[in-house]
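Trainee: The structure file query.cif (mmCIF, C-alpha atoms) is provided below.
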data_final
loop_
_atom_site.group_PDB
_atom_site.id
_atom_site.type_symbol
_atom_site.label_atom_id
_atom_site.label_comp_id
_atom_site.auth_asym_id
_atom_site.auth_seq_id
_atom_site.Cartn_x
_atom_site.Cartn_y
_atom_site.Cartn_z
ATOM 1 C CA MET A 735 -4.664 5.157 26.149
ATOM 2 C CA ALA A 736 -5.868 1.552 26.028
ATOM 3 C CA GLU A 737 -3.208 -1.120 26.610
ATOM 4 C CA TYR A 738 -3.345 -2.412 23.032
ATOM 5 C CA GLU A 739 -2.739 1.112 21.719
ATOM 6 C CA ASN A 740 0.233 1.481 24.019
ATOM 7 C CA VAL A 741 1.620 -1.890 22.912
ATOM 8 C CA ALA A 742 1.137 -0.940 19.250
ATOM 9 C CA LYS A 743 2.822 2.435 19.636
ATOM 10 C CA GLN A 744 5.834 1.088 21.511
ATOM 11 C CA PHE A 745 6.216 -1.837 19.143
ATOM 12 C CA VAL A 746 6.091 0.304 16.006
ATOM 13 C CA GLU A 747 8.660 2.748 17.354
ATOM 14 C CA PHE A 748 10.972 -0.076 18.370
ATOM 15 C CA TYR A 749 10.458 -1.988 15.129
ATOM 16 C CA TYR A 750 11.336 0.809 12.726
ATOM 17 C CA ASN A 751 14.216 2.063 14.867
ATOM 18 C CA SER A 752 15.649 -1.454 14.849
ATOM 19 C CA PHE A 753 14.970 -1.865 11.118
ATOM 20 C CA ASP A 754 16.685 1.402 10.281
ATOM 21 C CA SER A 755 19.745 0.854 12.490
ATOM 22 C CA ASP A 756 20.412 -2.900 12.079
ATOM 23 C CA ARG A 757 17.852 -5.165 10.435
ATOM 24 C CA LYS A 758 19.456 -8.280 11.928
ATOM 25 C CA THR A 759 18.325 -7.236 15.403
ATOM 26 C CA LEU A 760 14.721 -7.799 14.307
ATOM 27 C CA ALA A 761 15.293 -11.537 14.785
ATOM 28 C CA GLY A 762 14.152 -11.243 18.384
ATOM 29 C CA LEU A 763 10.719 -10.042 17.340
ATOM 30 C CA TYR A 764 9.899 -13.069 15.201
ATOM 31 C CA VAL A 765 9.685 -16.713 16.279
ATOM 32 C CA SER A 766 10.442 -20.114 14.781
ATOM 33 C CA PRO A 767 9.244 -23.497 15.984
ATOM 34 C CA ALA A 768 12.725 -24.946 16.574
ATOM 35 C CA SER A 769 13.587 -22.278 19.092
ATOM 36 C CA GLU A 770 10.538 -22.816 21.265
ATOM 37 C CA ALA A 771 9.931 -26.535 21.421
ATOM 38 C CA PRO A 772 7.833 -26.658 24.615
ATOM 39 C CA TYR A 773 5.584 -23.924 23.282
ATOM 40 C CA LYS A 774 5.215 -25.769 20.016
ATOM 41 C CA GLU A 775 4.110 -28.926 21.769
ATOM 42 C CA ARG A 776 1.286 -27.094 23.465
ATOM 43 C CA LEU A 777 0.001 -25.924 20.128
ATOM 44 C CA VAL A 778 0.718 -28.879 17.937
ATOM 45 C CA ASN A 779 -2.940 -29.591 17.296
ATOM 46 C CA MET A 780 -3.815 -26.135 16.048
ATOM 47 C CA ALA A 781 -4.179 -25.683 12.315
ATOM 48 C CA VAL A 782 -1.752 -22.773 12.208
ATOM 49 C CA GLN A 783 1.577 -22.986 13.985
ATOM 50 C CA ARG A 784 1.315 -20.152 16.418
ATOM 51 C CA ASP A 785 5.074 -20.137 16.879
ATOM 52 C CA ASN A 786 5.964 -19.614 13.253
ATOM 53 C CA SER A 787 6.038 -15.959 12.259
ATOM 54 C CA MET A 788 4.940 -15.046 8.747
ATOM 55 C CA LEU A 789 6.246 -12.230 6.571
ATOM 56 C CA THR A 790 4.800 -11.180 3.223
ATOM 57 C CA PHE A 791 7.154 -8.548 1.819
ATOM 58 C CA GLU A 792 6.091 -7.131 -1.536
ATOM 59 C CA SER A 793 4.015 -10.308 -2.023
ATOM 60 C CA ALA A 794 6.942 -12.688 -1.332
ATOM 61 C CA SER A 795 6.406 -14.983 1.670
ATOM 62 C CA SER A 796 8.869 -16.027 4.390
ATOM 63 C CA LEU A 797 8.081 -18.365 7.280
ATOM 64 C CA GLY A 798 9.889 -18.359 10.643
ATOM 65 C CA ALA A 799 12.362 -15.960 12.242
ATOM 66 C CA THR A 800 15.445 -17.187 10.375
ATOM 67 C CA ALA A 801 13.936 -16.918 6.899
ATOM 68 C CA ILE A 802 12.326 -13.579 7.716
ATOM 69 C CA VAL A 803 15.509 -11.940 8.958
ATOM 70 C CA GLU A 804 17.410 -13.403 6.011
ATOM 71 C CA LYS A 805 14.859 -11.793 3.699
ATOM 72 C CA LEU A 806 14.976 -8.416 5.450
ATOM 73 C CA SER A 807 18.782 -8.398 5.754
ATOM 74 C CA GLY A 808 19.154 -9.235 2.075
ATOM 75 C CA LEU A 809 17.079 -6.301 0.791
ATOM 76 C CA PRO A 810 19.152 -4.363 -1.742
ATOM 77 C CA PHE A 811 19.818 -1.165 0.165
ATOM 78 C CA GLN A 812 22.306 -0.169 2.828
ATOM 79 C CA LYS A 813 20.556 2.740 4.484
ATOM 80 C CA VAL A 814 16.853 3.010 5.147
ATOM 81 C CA LYS A 815 14.702 5.396 7.139
ATOM 82 C CA HIS A 816 11.027 4.751 7.902
ATOM 83 C CA GLN A 817 8.726 7.627 8.765
ATOM 84 C CA VAL A 818 5.388 6.625 10.280
ATOM 85 C CA SER A 819 2.493 8.812 9.102
ATOM 86 C CA THR A 820 -0.416 6.974 10.714
ATOM 87 C CA LEU A 821 -0.808 4.088 13.136
ATOM 88 C CA ASP A 822 -4.094 2.431 14.009
ATOM 89 C CA ALA A 823 -4.530 -0.592 16.250
ATOM 90 C CA GLN A 824 -7.242 -2.926 17.502
ATOM 91 C CA PRO A 825 -7.234 -5.764 20.026
ATOM 92 C CA THR A 826 -7.601 -9.283 18.644
ATOM 93 C CA VAL A 827 -8.141 -12.724 20.166
ATOM 94 C CA GLU A 828 -5.972 -14.083 22.978
ATOM 95 C CA GLY A 829 -4.467 -10.715 23.862
ATOM 96 C CA GLY A 830 -3.181 -10.076 20.367
ATOM 97 C CA VAL A 831 -2.969 -6.682 18.678
ATOM 98 C CA ILE A 832 -3.486 -5.871 14.989
ATOM 99 C CA ILE A 833 -1.835 -2.732 13.603
ATOM 100 C CA LEU A 834 -2.059 -0.836 10.306
ATOM 101 C CA ILE A 835 0.755 1.605 9.577
ATOM 102 C CA THR A 836 1.014 3.996 6.663
ATOM 103 C CA GLY A 837 4.213 5.905 6.122
ATOM 104 C CA GLN A 838 7.098 6.812 3.906
ATOM 105 C CA LEU A 839 10.600 5.472 3.563
ATOM 106 C CA LEU A 840 13.865 6.672 2.087
ATOM 107 C CA VAL A 841 16.572 4.268 0.953
ATOM 108 C CA ASP A 842 20.259 5.028 0.428
ATOM 109 C CA GLU A 843 20.777 8.373 -1.328
ATOM 110 C CA GLU A 844 17.315 8.481 -2.877
ATOM 111 C CA GLN A 845 15.649 11.854 -2.286
ATOM 112 C CA ARG A 846 12.061 10.881 -3.128
ATOM 113 C CA PRO A 847 10.299 9.028 -0.332
ATOM 114 C CA MET A 848 8.214 5.940 -1.189
ATOM 115 C CA ASN A 849 4.839 5.383 0.418
ATOM 116 C CA PHE A 850 4.315 2.109 2.226
ATOM 117 C CA SER A 851 1.608 0.347 4.191
ATOM 118 C CA GLN A 852 2.294 -2.416 6.665
ATOM 119 C CA THR A 853 0.112 -4.525 8.882
ATOM 120 C CA PHE A 854 1.256 -6.532 11.892
ATOM 121 C CA GLN A 855 -0.494 -8.937 14.173
ATOM 122 C CA LEU A 856 1.289 -9.281 17.504
ATOM 123 C CA MET A 857 0.572 -12.305 19.663
ATOM 124 C CA LYS A 858 1.781 -13.244 23.141
ATOM 125 C CA ASP A 859 4.141 -16.180 23.615
ATOM 126 C CA ALA A 860 3.922 -18.609 26.547
ATOM 127 C CA SER A 861 5.800 -16.174 28.795
ATOM 128 C CA GLY A 862 3.519 -13.262 27.908
ATOM 129 C CA GLN A 863 5.999 -11.522 25.605
ATOM 130 C CA TYR A 864 4.681 -10.114 22.342
ATOM 131 C CA PHE A 865 6.067 -11.384 19.079
ATOM 132 C CA VAL A 866 5.219 -10.689 15.438
ATOM 133 C CA PHE A 867 2.903 -13.414 14.198
ATOM 134 C CA ASN A 868 1.762 -11.745 10.958
ATOM 135 C CA ASP A 869 3.686 -9.100 9.002
ATOM 136 C CA ILE A 870 2.555 -7.840 5.582
ATOM 137 C CA PHE A 871 4.502 -5.025 3.902
ATOM 138 C CA LYS A 872 3.559 -3.254 0.693
ATOM 139 C CA LEU A 873 4.897 -0.257 -1.201
ATOM 140 C CA VAL A 874 2.122 2.053 -2.378
ATOM 141 C CA PHE A 875 2.337 3.586 -5.829
ATOM 142 C CA GLY A 876 -0.268 5.899 -7.272
ATOM 143 C CA MET B 556 -3.941 -21.281 -4.403
ATOM 144 C CA ALA B 557 -4.029 -21.905 -0.659
ATOM 145 C CA GLU B 558 -7.461 -21.835 0.961
ATOM 146 C CA TYR B 559 -6.748 -18.635 2.914
ATOM 147 C CA GLU B 560 -5.762 -16.881 -0.306
ATOM 148 C CA ASN B 561 -8.953 -18.008 -1.943
ATOM 149 C CA VAL B 562 -11.007 -16.830 1.035
ATOM 150 C CA ALA B 563 -9.210 -13.468 0.978
ATOM 151 C CA LYS B 564 -9.711 -12.940 -2.728
ATOM 152 C CA GLN B 565 -13.400 -13.846 -2.694
ATOM 153 C CA PHE B 566 -14.039 -11.773 0.404
ATOM 154 C CA VAL B 567 -12.320 -8.670 -0.963
ATOM 155 C CA GLU B 568 -14.212 -8.841 -4.246
ATOM 156 C CA PHE B 569 -17.523 -9.284 -2.446
ATOM 157 C CA TYR B 570 -16.758 -6.599 0.123
ATOM 158 C CA TYR B 571 -15.937 -3.783 -2.287
ATOM 159 C CA ASN B 572 -18.712 -4.726 -4.706
ATOM 160 C CA SER B 573 -21.164 -4.560 -1.811
ATOM 161 C CA PHE B 574 -19.616 -1.330 -0.495
ATOM 162 C CA ASP B 575 -19.835 0.336 -3.889
ATOM 163 C CA SER B 576 -23.393 -0.768 -4.690
ATOM 164 C CA ASP B 577 -25.120 -0.510 -1.278
ATOM 165 C CA ARG B 578 -23.108 -0.023 1.905
ATOM 166 C CA LYS B 579 -26.022 -1.185 4.079
ATOM 167 C CA THR B 580 -25.655 -4.716 2.743
ATOM 168 C CA LEU B 581 -22.289 -4.949 4.506
ATOM 169 C CA ALA B 582 -24.189 -5.544 7.758
ATOM 170 C CA GLY B 583 -24.100 -9.280 7.117
ATOM 171 C CA LEU B 584 -20.307 -9.335 7.163
ATOM 172 C CA TYR B 585 -19.974 -7.890 10.655
ATOM 173 C CA VAL B 586 -21.301 -9.300 13.904
ATOM 174 C CA SER B 587 -22.682 -7.973 17.178
ATOM 175 C CA PRO B 588 -23.068 -9.819 20.473
ATOM 176 C CA ALA B 589 -26.847 -9.392 20.719
ATOM 177 C CA SER B 590 -27.452 -11.219 17.479
ATOM 178 C CA GLU B 591 -25.497 -14.303 18.437
ATOM 179 C CA ALA B 592 -26.208 -15.037 22.053
ATOM 180 C CA PRO B 593 -25.240 -18.739 22.135
ATOM 181 C CA TYR B 594 -21.928 -17.964 20.489
ATOM 182 C CA LYS B 595 -21.316 -15.187 22.970
ATOM 183 C CA GLU B 596 -21.845 -17.522 25.890
ATOM 184 C CA ARG B 597 -19.167 -19.855 24.651
ATOM 185 C CA LEU B 598 -16.671 -17.033 24.564
ATOM 186 C CA VAL B 599 -17.672 -15.039 27.566
ATOM 187 C CA ASN B 600 -14.418 -15.683 29.383
ATOM 188 C CA MET B 601 -12.162 -14.430 26.648
ATOM 189 C CA ALA B 602 -10.636 -10.993 27.047
ATOM 190 C CA VAL B 603 -11.839 -9.828 23.655
ATOM 191 C CA GLN B 604 -15.422 -10.426 22.577
ATOM 192 C CA ARG B 605 -14.939 -12.532 19.511
ATOM 193 C CA ASP B 606 -18.438 -11.724 18.355
ATOM 194 C CA ASN B 607 -18.050 -7.973 18.287
ATOM 195 C CA SER B 608 -16.623 -6.676 15.043
ATOM 196 C CA MET B 609 -14.338 -3.661 15.184
ATOM 197 C CA LEU B 610 -13.954 -0.914 12.596
ATOM 198 C CA THR B 611 -11.352 1.837 12.673
ATOM 199 C CA PHE B 612 -12.195 4.192 9.806
ATOM 200 C CA GLU B 613 -9.805 7.094 9.421
ATOM 201 C CA SER B 614 -8.858 6.580 13.085
ATOM 202 C CA ALA B 615 -12.480 6.686 14.355
ATOM 203 C CA SER B 616 -13.616 3.482 16.086
ATOM 204 C CA SER B 617 -16.943 1.651 15.844
ATOM 205 C CA LEU B 618 -17.835 -1.548 17.687
ATOM 206 C CA GLY B 619 -20.410 -4.095 16.518
ATOM 207 C CA ALA B 620 -22.297 -4.561 13.255
ATOM 208 C CA THR B 621 -24.941 -1.897 13.886
ATOM 209 C CA ALA B 622 -22.499 0.891 14.749
ATOM 210 C CA ILE B 623 -20.178 -0.111 11.910
ATOM 211 C CA VAL B 624 -22.858 -0.061 9.229
ATOM 212 C CA GLU B 625 -24.206 3.209 10.637
ATOM 213 C CA LYS B 626 -20.714 4.675 10.289
ATOM 214 C CA LEU B 627 -20.191 3.384 6.749
ATOM 215 C CA SER B 628 -23.688 4.369 5.590
ATOM 216 C CA GLY B 629 -23.230 7.859 6.988
ATOM 217 C CA LEU B 630 -20.052 8.651 5.073
ATOM 218 C CA PRO B 631 -20.536 11.907 3.156
ATOM 219 C CA PHE B 632 -20.608 10.648 -0.413
ATOM 220 C CA GLN B 633 -23.288 9.074 -2.585
ATOM 221 C CA LYS B 634 -21.218 7.206 -5.133
ATOM 222 C CA VAL B 635 -17.989 5.374 -4.457
ATOM 223 C CA LYS B 636 -15.840 3.001 -6.470
ATOM 224 C CA HIS B 637 -12.967 0.993 -4.964
ATOM 225 C CA GLN B 638 -10.190 -0.291 -7.178
ATOM 226 C CA VAL B 639 -7.952 -2.927 -5.575
ATOM 227 C CA SER B 640 -4.292 -2.583 -6.585
ATOM 228 C CA THR B 641 -2.746 -5.241 -4.332
ATOM 229 C CA LEU B 642 -4.065 -7.905 -2.002
ATOM 230 C CA ASP B 643 -1.889 -9.973 0.350
ATOM 231 C CA ALA B 644 -3.153 -12.491 2.879
ATOM 232 C CA GLN B 645 -1.842 -14.779 5.600
ATOM 233 C CA PRO B 646 -3.521 -17.419 7.767
ATOM 234 C CA THR B 647 -3.982 -16.564 11.436
ATOM 235 C CA VAL B 648 -5.058 -18.507 14.510
ATOM 236 C CA GLU B 649 -8.264 -20.546 14.626
ATOM 237 C CA GLY B 650 -8.748 -20.563 10.875
ATOM 238 C CA GLY B 651 -8.699 -16.791 10.583
ATOM 239 C CA VAL B 652 -7.280 -14.811 7.668
ATOM 240 C CA ILE B 653 -5.493 -11.452 7.764
ATOM 241 C CA ILE B 654 -5.541 -9.307 4.623
ATOM 242 C CA LEU B 655 -3.756 -6.117 3.548
ATOM 243 C CA ILE B 656 -5.261 -4.269 0.594
ATOM 244 C CA THR B 657 -3.867 -1.222 -1.159
ATOM 245 C CA GLY B 658 -5.958 0.526 -3.760
ATOM 246 C CA GLN B 659 -7.610 3.631 -4.989
ATOM 247 C CA LEU B 660 -11.104 5.011 -4.670
ATOM 248 C CA LEU B 661 -13.218 7.585 -6.438
ATOM 249 C CA VAL B 662 -16.123 9.341 -4.732
ATOM 250 C CA ASP B 663 -19.027 11.127 -6.413
ATOM 251 C CA GLU B 664 -17.896 13.268 -9.348
ATOM 252 C CA GLU B 665 -14.294 13.581 -8.169
ATOM 253 C CA GLN B 666 -11.829 12.775 -10.966
ATOM 254 C CA ARG B 667 -8.707 12.256 -8.868
ATOM 255 C CA PRO B 668 -8.540 8.878 -7.170
ATOM 256 C CA MET B 669 -7.457 8.702 -3.518
ATOM 257 C CA ASN B 670 -5.060 6.023 -2.343
ATOM 258 C CA PHE B 671 -6.198 3.860 0.530
ATOM 259 C CA SER B 672 -4.916 0.944 2.570
ATOM 260 C CA GLN B 673 -7.160 -1.412 4.496
ATOM 261 C CA THR B 674 -6.528 -4.408 6.673
ATOM 262 C CA PHE B 675 -9.082 -7.026 7.630
ATOM 263 C CA GLN B 676 -8.965 -9.988 9.941
ATOM 264 C CA LEU B 677 -11.628 -12.538 9.117
ATOM 265 C CA MET B 678 -12.610 -15.099 11.735
ATOM 266 C CA LYS B 679 -15.003 -18.040 11.591
ATOM 267 C CA ASP B 680 -18.229 -18.014 13.556
ATOM 268 C CA ALA B 681 -19.672 -21.062 15.310
ATOM 269 C CA SER B 682 -21.185 -22.301 12.050
ATOM 270 C CA GLY B 683 -17.913 -21.947 10.161
ATOM 271 C CA GLN B 684 -18.908 -18.795 8.279
ATOM 272 C CA TYR B 685 -16.331 -16.047 7.975
ATOM 273 C CA PHE B 686 -17.068 -12.630 9.396
ATOM 274 C CA VAL B 687 -15.044 -9.437 9.711
ATOM 275 C CA PHE B 688 -13.519 -9.298 13.174
ATOM 276 C CA ASN B 689 -11.000 -6.478 12.563
ATOM 277 C CA ASP B 690 -11.299 -3.749 9.917
ATOM 278 C CA ILE B 691 -8.883 -0.801 9.714
ATOM 279 C CA PHE B 692 -9.220 1.677 6.849
ATOM 280 C CA LYS B 693 -6.870 4.542 6.085
ATOM 281 C CA LEU B 694 -6.538 7.030 3.258
ATOM 282 C CA VAL B 695 -2.927 7.434 2.131
ATOM 283 C CA PHE B 696 -1.617 10.898 1.285
ATOM 284 C CA GLY B 697 1.901 11.538 0.168
#
What do you get writing this file as structure tokens?
Mentor:
Amino acid sequence: MAEYENVAKQFVEFYYNSFDSDRKTLAGLYVSPASEAPYKERLVNMAVQRDNSMLTFESASSLGATAIVEKLSGLPFQKVKHQVSTLDAQPTVEGGVIILITGQLLVDEEQRPMNFSQTFQLMKDASGQYFVFNDIFKLVFG
Amino acid sequence: MAEYENVAKQFVEFYYNSFDSDRKTLAGLYVSPASEAPYKERLVNMAVQRDNSMLTFESASSLGATAIVEKLSGLPFQKVKHQVSTLDAQPTVEGGVIILITGQLLVDEEQRPMNFSQTFQLMKDASGQYFVFNDIFKLVFG
């Protein structure tokens, strides 16, 4: 298995396990500029702030780890279980990895699973650790 | 509308119109190293070849414009019609744009639409034109 596939697989497993057990623990996967000042300075001239994670959840946008975890923690369900059906990954620039997941999720006592699709782009921070740079989540009806 | 949203919307409309009318015309949206030698030289030291588009179609991988268009042209249907249900986009590094599309498609005389999800990452080439760097397509059953 290529390294990017391994990274994608491990990330996805960790992400949904964390999401389903305690959404607040996802904070460590996203970044915000304030928490990484030296890294920010290196990148200050780039058009996009590399150290500012983006979430688009059902077409609503959040920027930075704090806002993202606030959004995810505030979703109106107590229990949630993600089931990954398919996972495909490709390498991107600068050691990044792009991932498309399709799957189903169950919330609270609901018996009918909902289909979802989610795409992530992981990038490496200055220390070589992966973080979530792009995260787009969408329920699929049809 | 932010520029990346505009780019995403125009690209998606053009992409599926081209796909549904003549898949071979998609060749211009993907790139291969051989066709852009000077650009390749600039990027030769990067881990990922920026000028080599990637397609993962139903978990099968193709690399470079020629292989990608061969794959898409060879798909076993004559007529196809994509209907976009949702489109979400985010900016990425170096002026790139990441897009998640969910939608439905009809092939040939089939009456039941199939759900699909597709993610693209567009990047700019040396002349500032967008091309498809990452393309992951997946049918959604459920």
Trainee: Determine, counting only C-alpha atoms, every residue of protein, DNA or RNA that lies within 12 Å of (-15.8, -18.0, 9.3) in the file coordinates, then give the result as a list in words.
Mentor: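 Residues with an atom at most 12 Å from (-15.8, -18.0, 9.3): Tyr559, Val562, Ala563, Phe566, Leu584, Tyr585, Val586, Arg605, Asp606, Val648, Glu649, Gly650, Gly651, Val652, Gln676, Leu677, Met678, Lys679, Asp680, Ala681, Ser682, Gly683, Gln684, Tyr685, Phe686, Val687 and Phe688 of chain B.
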Trainee: Using the chain letters and numbers from the file, which residues does the PyMOL selection byres ((chain A) within 7 of (chain B)) grab, as a VMD selection string?
Mentor: chain A and resid 781 to 782 784 793 822 826 to 829 834 836 849 851 853 870 874 876
Trainee: Could I get chain A fitted onto chain B (least squares, all C-alpha atoms, in order) as a CSV table (one decimal) with C-alpha atoms, keeping the file's coordinate frame?
Mentor:
chain,number,residue,atom,x,y,z
A,735,MET,CA,-3.9,-21.3,-4.4
A,736,ALA,CA,-4.0,-21.9,-0.7
A,737,GLU,CA,-7.5,-21.8,1.0
A,738,TYR,CA,-6.7,-18.6,2.9
A,739,GLU,CA,-5.7,-16.9,-0.3
A,740,ASN,CA,-8.9,-18.0,-2.0
A,741,VAL,CA,-11.0,-16.8,1.0
A,742,ALA,CA,-9.2,-13.5,1.0
A,743,LYS,CA,-9.7,-12.9,-2.7
A,744,GLN,CA,-13.4,-13.8,-2.7
A,745,PHE,CA,-14.0,-11.8,0.4
A,746,VAL,CA,-12.3,-8.7,-1.0
A,747,GLU,CA,-14.2,-8.8,-4.3
A,748,PHE,CA,-17.5,-9.3,-2.5
A,749,TYR,CA,-16.8,-6.6,0.1
A,750,TYR,CA,-15.9,-3.8,-2.3
A,751,ASN,CA,-18.7,-4.7,-4.7
A,752,SER,CA,-21.2,-4.6,-1.8
A,753,PHE,CA,-19.6,-1.3,-0.5
A,754,ASP,CA,-19.8,0.3,-3.9
A,755,SER,CA,-23.4,-0.8,-4.7
A,756,ASP,CA,-25.1,-0.5,-1.3
A,757,ARG,CA,-23.1,0.0,1.9
A,758,LYS,CA,-26.0,-1.2,4.1
A,759,THR,CA,-25.7,-4.7,2.7
A,760,LEU,CA,-22.3,-5.0,4.5
A,761,ALA,CA,-24.2,-5.6,7.8
A,762,GLY,CA,-24.1,-9.3,7.1
A,763,LEU,CA,-20.3,-9.3,7.2
A,764,TYR,CA,-20.0,-7.9,10.7
A,765,VAL,CA,-21.3,-9.3,13.9
A,766,SER,CA,-22.7,-8.0,17.2
A,767,PRO,CA,-23.1,-9.8,20.5
A,768,ALA,CA,-26.8,-9.4,20.7
A,769,SER,CA,-27.4,-11.2,17.5
A,770,GLU,CA,-25.5,-14.3,18.4
A,771,ALA,CA,-26.2,-15.0,22.1
A,772,PRO,CA,-25.3,-18.7,22.2
A,773,TYR,CA,-22.0,-17.9,20.5
A,774,LYS,CA,-21.3,-15.2,23.0
A,775,GLU,CA,-21.9,-17.5,25.9
A,776,ARG,CA,-19.2,-19.8,24.7
A,777,LEU,CA,-16.7,-17.0,24.6
A,778,VAL,CA,-17.7,-15.0,27.6
A,779,ASN,CA,-14.5,-15.7,29.4
A,780,MET,CA,-12.2,-14.5,26.7
A,781,ALA,CA,-10.7,-11.0,27.1
A,782,VAL,CA,-11.9,-9.9,23.7
A,783,GLN,CA,-15.4,-10.4,22.6
A,784,ARG,CA,-14.9,-12.6,19.5
A,785,ASP,CA,-18.4,-11.7,18.3
A,786,ASN,CA,-18.0,-8.0,18.3
A,787,SER,CA,-16.6,-6.7,15.0
A,788,MET,CA,-14.3,-3.7,15.2
A,789,LEU,CA,-13.9,-0.9,12.6
A,790,THR,CA,-11.3,1.8,12.7
A,791,PHE,CA,-12.2,4.2,9.8
A,792,GLU,CA,-9.8,7.1,9.4
A,793,SER,CA,-8.8,6.6,13.1
A,794,ALA,CA,-12.5,6.7,14.4
A,795,SER,CA,-13.6,3.5,16.1
A,796,SER,CA,-16.9,1.6,15.8
A,797,LEU,CA,-17.8,-1.6,17.7
A,798,GLY,CA,-20.4,-4.1,16.5
A,799,ALA,CA,-22.3,-4.6,13.2
A,800,THR,CA,-24.9,-1.9,13.9
A,801,ALA,CA,-22.5,0.9,14.7
A,802,ILE,CA,-20.2,-0.1,11.9
A,803,VAL,CA,-22.8,-0.1,9.2
A,804,GLU,CA,-24.2,3.2,10.6
A,805,LYS,CA,-20.7,4.7,10.3
A,806,LEU,CA,-20.2,3.4,6.7
A,807,SER,CA,-23.7,4.4,5.6
A,808,GLY,CA,-23.3,7.9,7.0
A,809,LEU,CA,-20.1,8.7,5.1
A,810,PRO,CA,-20.6,11.9,3.2
A,811,PHE,CA,-20.6,10.6,-0.4
A,812,GLN,CA,-23.3,9.1,-2.6
A,813,LYS,CA,-21.2,7.2,-5.1
A,814,VAL,CA,-18.0,5.4,-4.5
A,815,LYS,CA,-15.8,3.0,-6.5
A,816,HIS,CA,-13.0,1.0,-5.0
A,817,GLN,CA,-10.2,-0.3,-7.2
A,818,VAL,CA,-8.0,-2.9,-5.6
A,819,SER,CA,-4.3,-2.6,-6.6
A,820,THR,CA,-2.7,-5.2,-4.3
A,821,LEU,CA,-4.0,-7.9,-2.0
A,822,ASP,CA,-1.9,-10.0,0.3
A,823,ALA,CA,-3.1,-12.5,2.9
A,824,GLN,CA,-1.8,-14.8,5.6
A,825,PRO,CA,-3.5,-17.4,7.7
A,826,THR,CA,-3.9,-16.6,11.4
A,827,VAL,CA,-5.0,-18.5,14.5
A,828,GLU,CA,-8.2,-20.6,14.6
A,829,GLY,CA,-8.7,-20.6,10.9
A,830,GLY,CA,-8.7,-16.8,10.6
A,831,VAL,CA,-7.3,-14.8,7.7
A,832,ILE,CA,-5.5,-11.5,7.8
A,833,ILE,CA,-5.5,-9.3,4.6
A,834,LEU,CA,-3.7,-6.1,3.5
A,835,ILE,CA,-5.3,-4.3,0.6
A,836,THR,CA,-3.9,-1.2,-1.2
A,837,GLY,CA,-6.0,0.5,-3.8
A,838,GLN,CA,-7.6,3.6,-5.0
A,839,LEU,CA,-11.1,5.0,-4.7
A,840,LEU,CA,-13.2,7.6,-6.4
A,841,VAL,CA,-16.1,9.3,-4.7
A,842,ASP,CA,-19.0,11.1,-6.4
A,843,GLU,CA,-17.9,13.3,-9.3
A,844,GLU,CA,-14.3,13.6,-8.2
A,845,GLN,CA,-11.9,12.8,-11.0
A,846,ARG,CA,-8.7,12.3,-8.9
A,847,PRO,CA,-8.5,8.9,-7.2
A,848,MET,CA,-7.5,8.7,-3.5
A,849,ASN,CA,-5.1,6.0,-2.3
A,850,PHE,CA,-6.2,3.9,0.5
A,851,SER,CA,-4.9,0.9,2.6
A,852,GLN,CA,-7.1,-1.4,4.5
A,853,THR,CA,-6.5,-4.4,6.7
A,854,PHE,CA,-9.1,-7.0,7.6
A,855,GLN,CA,-8.9,-10.0,9.9
A,856,LEU,CA,-11.6,-12.6,9.1
A,857,MET,CA,-12.6,-15.1,11.7
A,858,LYS,CA,-15.0,-18.1,11.6
A,859,ASP,CA,-18.2,-18.0,13.6
A,860,ALA,CA,-19.7,-21.0,15.3
A,861,SER,CA,-21.2,-22.3,12.1
A,862,GLY,CA,-17.9,-22.0,10.2
A,863,GLN,CA,-18.9,-18.8,8.3
A,864,TYR,CA,-16.3,-16.0,8.0
A,865,PHE,CA,-17.1,-12.6,9.4
A,866,VAL,CA,-15.0,-9.4,9.7
A,867,PHE,CA,-13.5,-9.3,13.2
A,868,ASN,CA,-11.0,-6.5,12.6
A,869,ASP,CA,-11.3,-3.8,9.9
A,870,ILE,CA,-8.9,-0.8,9.7
A,871,PHE,CA,-9.2,1.7,6.8
A,872,LYS,CA,-6.9,4.5,6.1
A,873,LEU,CA,-6.5,7.0,3.3
A,874,VAL,CA,-2.9,7.4,2.1
A,875,PHE,CA,-1.6,10.9,1.3
A,876,GLY,CA,1.9,11.6,0.1
Trainee: Please determine the residues with any atom at most 12 Å from (-15.2, 1.5, -5.3) (coordinates as given in the file, with all atoms listed in the file counting) and report them as a PyMOL selection string.
Mentor: chain B and resi 567-578+632-640+658-663+668-671
Trainee: I'd like the interatomic distance between CA of Leu809 (chain A) and CA of Asn786 (chain A), to a tenth of an Å.
Mentor: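 About the pair CA of Leu809 (chain A) and CA of Asn786 (chain A): they are 21.4 Å apart.
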Trainee: Using Å and a single decimal, report how far CA of Val624 (chain B) sits from CA of Ala736 (chain A).
Mentor: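 Interatomic distance, CA of Ala736 (chain A) to CA of Val624 (chain B): 23.9 Å.
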Trainee: Please, what distance in Å, to one decimal, runs between CA of Thr621 (chain B) and CA of Gln565 (chain B)?
Mentor: 23.5 Å
